[in-house]
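Colleague: Structure provided below as structure tokens; questions to follow.
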Amino acid sequence: KKTELYTQIEQPMIFVPEIKEYIFNDLIIDIAGAYLDCFPAYNGQNLRVSYANNLQAGGNQIFHCDPNSPRYLKFFIYLNDVDMDGGPFCLIPGTHQKKFEIHHQNGIFNWNDKYSWDEQEMEQIYGKENITYLTAKKGDLVIADTNCFHRGFKPISNDRGMITLDYITHIPSFSEHSYMSIEKKVYDELPEKHKILCNLLRQVDDPLDSLKPAGE
């Protein structure tokens with residue numbers, strides 16, 4: 001772990017079956033549906049441990065907006081207590097709607113010009129006082145529209161374990177296939193409302209097929 005920022009399990013819905021307890025939780029589904037103003041589609045999940053080490057922050061630890069969809073809601077479940085040194089979820093409230101366009105002598109500086117934005121840029125544009133850090137206890141649930149600017153703050157002293165669940169209104173980025181899978185036998189046993197939830201997922205007969213690129 002001294003040589004990487006994090007480790008995650010590929011296709012946890014298949015290889016960590018306990019996660020389905022959260023994916024098909026009716027309260028979570030109802031919250032997603034109420035926010036998205038429709039019955040949501042399940043888009044996928046992460047099961048990840050982020051490490052406290054001396055590596056420079058990178059990837060999702062840098063401010064960004066999720067490009068998947070303009071209608072997108074994420075649920076973050078902490079698997080351990082997370083204080084300010086443990087890598088809390090960090091966001092700038094309201095920026096899912098309040099995007100910036102700055103005019104200057106060299107042209108227009110737009111929020112969509114690049115994917116990652118460093119902390120100094122966000123402080124200059126939105127104000128340091130508006131950057132919010134969400135500490136939490138093990139088992140706590142954090143919900144965010146990740147069209148806002150956000151990041152997972154890099155752990156300083158303690159590793160952080162987290163489950164992330166994604167709910168959406170269409171196939172991400174209008175691609176032909178979802179990158180997440182569900183076993184066909186599991187899908188067939190679901191109640192009808194949960195089958196609808198999984199409409200965007202790939203169905204696979206063999207769990208190992210879920211590790212192949214979408215479309216194969």
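Chain identifiers are assigned as A, B, and so on, following the order in which chains appear in the structure tokens; residues are numbered from 1 within each chain, and ligands are numbered from 1 in order of appearance.
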What's around region 67-81 of chain A at 6 Å? Count only C-alpha atoms, leave out sequence neighbours fewer than 2 positions away in its own chain, and write the answer as a PDB file with N, CA and C atoms, in the first residue's frame.

Modeller:
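Saved file selection-v6.pdb follows:
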```
ATOM      1  N   ALA A 136     -17.192  11.388   9.495  1.00  0.00           N
ATOM      2  CA  ALA A 136     -18.300  10.488   9.796  1.00  0.00           C
ATOM      3  C   ALA A 136     -17.811   9.308  10.615  1.00  0.00           C
ATOM      4  N   LYS A 137     -18.765   8.589  11.189  1.00  0.00           N
ATOM      5  CA  LYS A 137     -18.492   7.365  11.916  1.00  0.00           C
ATOM      6  C   LYS A 137     -18.710   6.145  11.013  1.00  0.00           C
ATOM      7  N   LYS A 138     -18.139   5.035  11.405  1.00  0.00           N
ATOM      8  CA  LYS A 138     -18.331   3.784  10.680  1.00  0.00           C
ATOM      9  C   LYS A 138     -19.820   3.508  10.499  1.00  0.00           C
ATOM     10  N   GLY A 139     -20.213   3.217   9.259  1.00  0.00           N
ATOM     11  CA  GLY A 139     -21.610   2.922   8.960  1.00  0.00           C
ATOM     12  C   GLY A 139     -22.432   4.128   8.564  1.00  0.00           C
ATOM     13  N   ASP A 140     -21.884   5.326   8.703  1.00  0.00           N
ATOM     14  CA  ASP A 140     -22.626   6.525   8.318  1.00  0.00           C
ATOM     15  C   ASP A 140     -22.783   6.608   6.804  1.00  0.00           C
ATOM     16  N   LEU A 141     -23.871   7.234   6.381  1.00  0.00           N
ATOM     17  CA  LEU A 141     -24.204   7.383   4.965  1.00  0.00           C
ATOM     18  C   LEU A 141     -24.132   8.854   4.578  1.00  0.00           C
ATOM     19  N   VAL A 142     -23.387   9.137   3.526  1.00  0.00           N
ATOM     20  CA  VAL A 142     -23.295  10.477   2.953  1.00  0.00           C
ATOM     21  C   VAL A 142     -23.891  10.427   1.557  1.00  0.00           C
ATOM     22  N   ILE A 143     -24.737  11.396   1.213  1.00  0.00           N
ATOM     23  CA  ILE A 143     -25.405  11.427  -0.091  1.00  0.00           C
ATOM     24  C   ILE A 143     -25.015  12.707  -0.804  1.00  0.00           C
ATOM     25  N   ALA A 144     -24.655  12.600  -2.089  1.00  0.00           N
ATOM     26  CA  ALA A 144     -24.235  13.800  -2.816  1.00  0.00           C
ATOM     27  C   ALA A 144     -24.601  13.701  -4.291  1.00  0.00           C
ATOM     28  N   ASP A 145     -25.028  14.833  -4.837  1.00  0.00           N
ATOM     29  CA  ASP A 145     -25.136  14.996  -6.290  1.00  0.00           C
ATOM     30  C   ASP A 145     -23.729  15.331  -6.765  1.00  0.00           C
ATOM     31  N   GLY A 161     -11.868   2.973   4.349  1.00  0.00           N
ATOM     32  CA  GLY A 161     -12.664   2.039   3.554  1.00  0.00           C
ATOM     33  C   GLY A 161     -14.022   2.634   3.254  1.00  0.00           C
ATOM     34  N   MET A 162     -14.496   2.446   2.022  1.00  0.00           N
ATOM     35  CA  MET A 162     -15.770   3.081   1.634  1.00  0.00           C
ATOM     36  C   MET A 162     -16.474   2.269   0.553  1.00  0.00           C
ATOM     37  N   ILE A 163     -17.798   2.193   0.679  1.00  0.00           N
ATOM     38  CA  ILE A 163     -18.662   1.684  -0.398  1.00  0.00           C
ATOM     39  C   ILE A 163     -19.304   2.885  -1.067  1.00  0.00           C
ATOM     40  N   THR A 164     -19.309   2.902  -2.394  1.00  0.00           N
ATOM     41  CA  THR A 164     -19.969   3.958  -3.140  1.00  0.00           C
ATOM     42  C   THR A 164     -21.023   3.334  -4.050  1.00  0.00           C
ATOM     43  N   LEU A 165     -22.252   3.835  -3.973  1.00  0.00           N
ATOM     44  CA  LEU A 165     -23.356   3.356  -4.806  1.00  0.00           C
ATOM     45  C   LEU A 165     -23.818   4.485  -5.717  1.00  0.00           C
ATOM     46  N   ASP A 166     -24.015   4.186  -7.004  1.00  0.00           N
ATOM     47  CA  ASP A 166     -24.365   5.201  -7.994  1.00  0.00           C
ATOM     48  C   ASP A 166     -25.758   4.941  -8.568  1.00  0.00           C
ATOM     49  N   TYR A 167     -26.581   5.991  -8.590  1.00  0.00           N
ATOM     50  CA  TYR A 167     -27.916   5.895  -9.194  1.00  0.00           C
ATOM     51  C   TYR A 167     -28.053   6.992 -10.242  1.00  0.00           C
ATOM     52  N   ILE A 168     -28.715   6.656 -11.342  1.00  0.00           N
ATOM     53  CA  ILE A 168     -28.631   7.476 -12.547  1.00  0.00           C
ATOM     54  C   ILE A 168     -29.956   7.384 -13.299  1.00  0.00           C
ATOM     55  N   PRO A 172     -24.536   5.675 -18.510  1.00  0.00           N
ATOM     56  CA  PRO A 172     -23.568   6.761 -18.296  1.00  0.00           C
ATOM     57  C   PRO A 172     -22.898   7.217 -19.575  1.00  0.00           C
ATOM     58  N   SER A 173     -22.833   8.536 -19.722  1.00  0.00           N
ATOM     59  CA  SER A 173     -22.176   9.172 -20.868  1.00  0.00           C
ATOM     60  C   SER A 173     -22.747   8.697 -22.195  1.00  0.00           C
TER      61      SER A 173
END
```

Colleague: Taking the DSSP assignment computed from this structure's backbone, write out as JSON, numbers by chain all residues of region 21-143 of chain A that belong to strand (DSSP E).

Modeller: {"A": [41, 42, 43, 44, 45, 46, 47, 48, 49, 50, 72, 73, 74, 75, 76, 77, 78, 89, 90, 91, 101, 102, 103, 104, 107, 108, 109, 110, 132, 133, 134, 141, 142, 143]}

Colleague: Counting only C-alpha atoms, which residues in region 65-180 of chain A sit no more than 9 Å from region 1-14 of chain A? For each one, give the nearest pair of atoms and the distance in Å, sorted by chain then residue number, as JSON lines.

Modeller:
```
{"residue": "A:Lys154", "atom": "CA", "partner": "A:Leu5", "partner_atom": "CA", "distance": 8.4}
{"residue": "A:Tyr179", "atom": "CA", "partner": "A:Gln11", "partner_atom": "CA", "distance": 8.9}
{"residue": "A:Met180", "atom": "CA", "partner": "A:Gln11", "partner_atom": "CA", "distance": 6.5}
```

Colleague: From the list A:Gly152, A:Leu197, A:Asp206, A:Ile182, which residue is nearest Pro17 (chain A) when using only C-alpha atoms?

Modeller: A:Ile182

Colleague: Record the distance separating CA of Tyr115 (chain A) and CA of Asn60 (chain A), expressed in Å with one decimal.

Modeller: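 CA of Asn60 (chain A) lies 10.2 Å from CA of Tyr115 (chain A).
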
Colleague: Residues near Glu183 (chain A), anyone? I mean within 6 Å using only C-alpha atoms, not counting same-chain ones fewer than 3 positions away, as a list in words.

Modeller: Val186, Gln203, Val204 and Asp205 of chain A

Colleague: Counting only C-alpha atoms, which of A:Arg160, A:His194, A:His150, A:Lys184 gets nearest to Phe63 (chain A)?

Modeller: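 Comparing A:Arg160, A:His194, A:His150, A:Lys184 against Phe63 (chain A), the winner is A:His150.
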
Colleague: By how many Å are CA of Ala41 (chain A) and CA of Asn199 (chain A) apart?

Modeller: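 Computing the Euclidean distance for CA of Ala41 (chain A) and CA of Asn199 (chain A) yields 6.7 Å.
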
Colleague: Tell me which of A:Asp159, A:Glu192, A:Asp113, A:Asp30 sits closest to Lys99 (chain A), counting only C-alpha atoms.

Modeller: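 With only C-alpha atoms as the atom set, the closest residue is A:Asp113.
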
Colleague: Quick one: distance from CA of Lys193 (chain A) to CA of Tyr35 (chain A) in Å, one decimal?

Modeller: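 Distance between the two atoms: 17.7 Å.
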
Colleague: Residues near Ala52 (chain A), anyone? I mean within 6 Å using only C-alpha atoms, not counting same-chain ones fewer than 3 positions away, as a VMD selection string.

Modeller: chain A and resid 155 to 159

Colleague: Go ahead and save the residues from that selection, with N, CA and C atoms, as a PDB file, in the first residue's frame.

Modeller:
```pdb
ATOM      1  N   PRO A 155      -6.273  10.398   2.669  1.00  0.00           N
ATOM      2  CA  PRO A 155      -6.000  10.086   4.073  1.00  0.00           C
ATOM      3  C   PRO A 155      -4.585  10.482   4.471  1.00  0.00           C
ATOM      4  N   ILE A 156      -4.471  10.995   5.680  1.00  0.00           N
ATOM      5  CA  ILE A 156      -3.173  11.430   6.190  1.00  0.00           C
ATOM      6  C   ILE A 156      -2.603  10.435   7.200  1.00  0.00           C
ATOM      7  N   SER A 157      -3.451   9.985   8.126  1.00  0.00           N
ATOM      8  CA  SER A 157      -2.942   9.119   9.191  1.00  0.00           C
ATOM      9  C   SER A 157      -3.610   7.754   9.247  1.00  0.00           C
ATOM     10  N   ASN A 158      -4.807   7.618   8.689  1.00  0.00           N
ATOM     11  CA  ASN A 158      -5.552   6.359   8.760  1.00  0.00           C
ATOM     12  C   ASN A 158      -6.094   5.988   7.385  1.00  0.00           C
ATOM     13  N   ASP A 159      -6.013   4.706   7.037  1.00  0.00           N
ATOM     14  CA  ASP A 159      -6.631   4.240   5.795  1.00  0.00           C
ATOM     15  C   ASP A 159      -8.145   4.406   5.886  1.00  0.00           C
TER      16      ASP A 159
END
```

Colleague: Would you please give, as an MDAnalysis selection string, all residues of chain A that DSSP assigns to alpha helix (DSSP H) based on the backbone?

Modeller: chainID A and resid 12:15 20:23 26:36 119:126 184:188 192:197

Colleague: Got a sec: who's within 8 Å of Asn110 (chain A), counting only C-alpha atoms, leaving out chain neighbours fewer than 3 positions off, as a PDB file with C-alpha atoms, in the first residue's frame?

Modeller:
```pdb
ATOM      1  CA  PHE A 100     -18.246  29.098 -13.484  1.00  0.00           C
ATOM      2  CA  GLU A 101     -17.354  30.912 -16.683  1.00  0.00           C
ATOM      3  CA  ILE A 102     -14.651  33.534 -16.258  1.00  0.00           C
ATOM      4  CA  ASP A 113     -12.190  22.998 -19.832  1.00  0.00           C
TER       5      ASP A 113
END
```

Colleague: Can you pull out every residue within 8 Å of Ile131 (chain A), counting only C-alpha atoms, but drop anything in the same chain fewer than 6 positions away, and send it as number ranges by chain?

Modeller: A: 90-93, 123

Colleague: Which one is closest to Ile196 (chain A): A:Ile28, A:Cys38, A:Leu208, A:Val16? Count only C-alpha atoms.

Modeller: A:Cys38
